[in-house]
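Visitor: Once you've had a glance at the structure underneath, I'll fire off some questions.
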Amino acid sequence: MKSERMKFNIKTKDIADYLNVHPSVVSYMEKTAYKNSRFRYLKYLRTKGVDLNELFE
């Protein structure tokens, strides 16, 4: 997930602000299966134009 975020030049802080969490939570979500917020994270990436299909190829 981090690689897709970086492709679109999306900052960790931008995602954290959108999700109303600390940036370290976003980093944790990118590294683990943080299930409760992962859906919101993916939703945010989609709003920024990230093709979610590419994440799972």
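Ligands are numbered from 1 in the order shown, chains are lettered A, B, ... in the order of the structure tokens, and residues start at 1 in each chain.
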Would you kindly return, as a count of residues only, each protein, DNA or RNA residue with an atom no farther than 12 Å from any atom of Val21 of chain A, considering only C-alpha atoms and excluding same-chain residues fewer than 5 positions away?
Guide: 12
Visitor: Could you state the separation of atom CA of Thr47 of chain A and atom CA of Tyr18 of chain A in Å, given to one decimal place?
Guide: 10.9 Å
Visitor: Run DSSP on the backbone of this structure and report the residues of chain A it assigns to helix (DSSP H, G or I), as a ChimeraX atom specification.
Guide: /A:2-7,12-19,23-31,35-47,52-55
Visitor: Generate the output file for the selected residues, C-alpha atoms, as a PDB file, in the first residue's frame.
Guide:
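Final file, result-v9.pdb:
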ATOM      1  CA  LYS A   2       2.839   2.369   0.739  1.00  0.00           C
ATOM      2  CA  SER A   3       4.270   1.965  -2.756  1.00  0.00           C
ATOM      3  CA  GLU A   4       0.947   2.996  -4.319  1.00  0.00           C
ATOM      4  CA  ARG A   5       0.703   5.977  -1.991  1.00  0.00           C
ATOM      5  CA  MET A   6       4.195   7.019  -2.977  1.00  0.00           C
ATOM      6  CA  LYS A   7       3.444   6.657  -6.708  1.00  0.00           C
ATOM      7  CA  THR A  12       1.383  10.034   5.246  1.00  0.00           C
ATOM      8  CA  LYS A  13       0.204  13.145   7.087  1.00  0.00           C
ATOM      9  CA  ASP A  14      -2.503  13.793   4.469  1.00  0.00           C
ATOM     10  CA  ILE A  15      -3.925  10.326   4.997  1.00  0.00           C
ATOM     11  CA  ALA A  16      -3.643  10.659   8.766  1.00  0.00           C
ATOM     12  CA  ASP A  17      -5.497  13.964   8.698  1.00  0.00           C
ATOM     13  CA  TYR A  18      -8.245  12.460   6.527  1.00  0.00           C
ATOM     14  CA  LEU A  19      -8.608   9.446   8.836  1.00  0.00           C
ATOM     15  CA  PRO A  23       0.671   9.505  11.081  1.00  0.00           C
ATOM     16  CA  SER A  24       2.261   6.561  12.902  1.00  0.00           C
ATOM     17  CA  VAL A  25      -1.098   4.758  12.668  1.00  0.00           C
ATOM     18  CA  VAL A  26      -0.985   5.107   8.873  1.00  0.00           C
ATOM     19  CA  SER A  27       2.530   3.661   8.834  1.00  0.00           C
ATOM     20  CA  TYR A  28       1.323   0.802  11.002  1.00  0.00           C
ATOM     21  CA  MET A  29      -1.614   0.173   8.664  1.00  0.00           C
ATOM     22  CA  GLU A  30       0.744   0.005   5.697  1.00  0.00           C
ATOM     23  CA  LYS A  31       2.855  -2.619   7.453  1.00  0.00           C
ATOM     24  CA  LYS A  35      -8.410  -4.111   9.868  1.00  0.00           C
ATOM     25  CA  ASN A  36     -10.631  -1.385  11.323  1.00  0.00           C
ATOM     26  CA  SER A  37      -8.971   1.504   9.543  1.00  0.00           C
ATOM     27  CA  ARG A  38      -7.693  -0.264   6.453  1.00  0.00           C
ATOM     28  CA  PHE A  39     -11.058   0.139   4.718  1.00  0.00           C
ATOM     29  CA  ARG A  40     -11.015   3.899   5.346  1.00  0.00           C
ATOM     30  CA  TYR A  41      -7.413   4.037   4.166  1.00  0.00           C
ATOM     31  CA  LEU A  42      -8.298   2.311   0.905  1.00  0.00           C
ATOM     32  CA  LYS A  43     -11.274   4.615   0.479  1.00  0.00           C
ATOM     33  CA  TYR A  44      -8.969   7.613   0.842  1.00  0.00           C
ATOM     34  CA  LEU A  45      -6.523   6.237  -1.724  1.00  0.00           C
ATOM     35  CA  ARG A  46      -9.418   5.743  -4.129  1.00  0.00           C
ATOM     36  CA  THR A  47     -10.468   9.388  -3.698  1.00  0.00           C
ATOM     37  CA  LEU A  52      -7.087  -0.339  -5.984  1.00  0.00           C
ATOM     38  CA  ASN A  53      -6.869  -3.266  -8.407  1.00  0.00           C
ATOM     39  CA  GLU A  54      -3.150  -2.537  -8.767  1.00  0.00           C
ATOM     40  CA  LEU A  55      -2.673  -3.032  -5.033  1.00  0.00           C
TER      41      LEU A  55
END
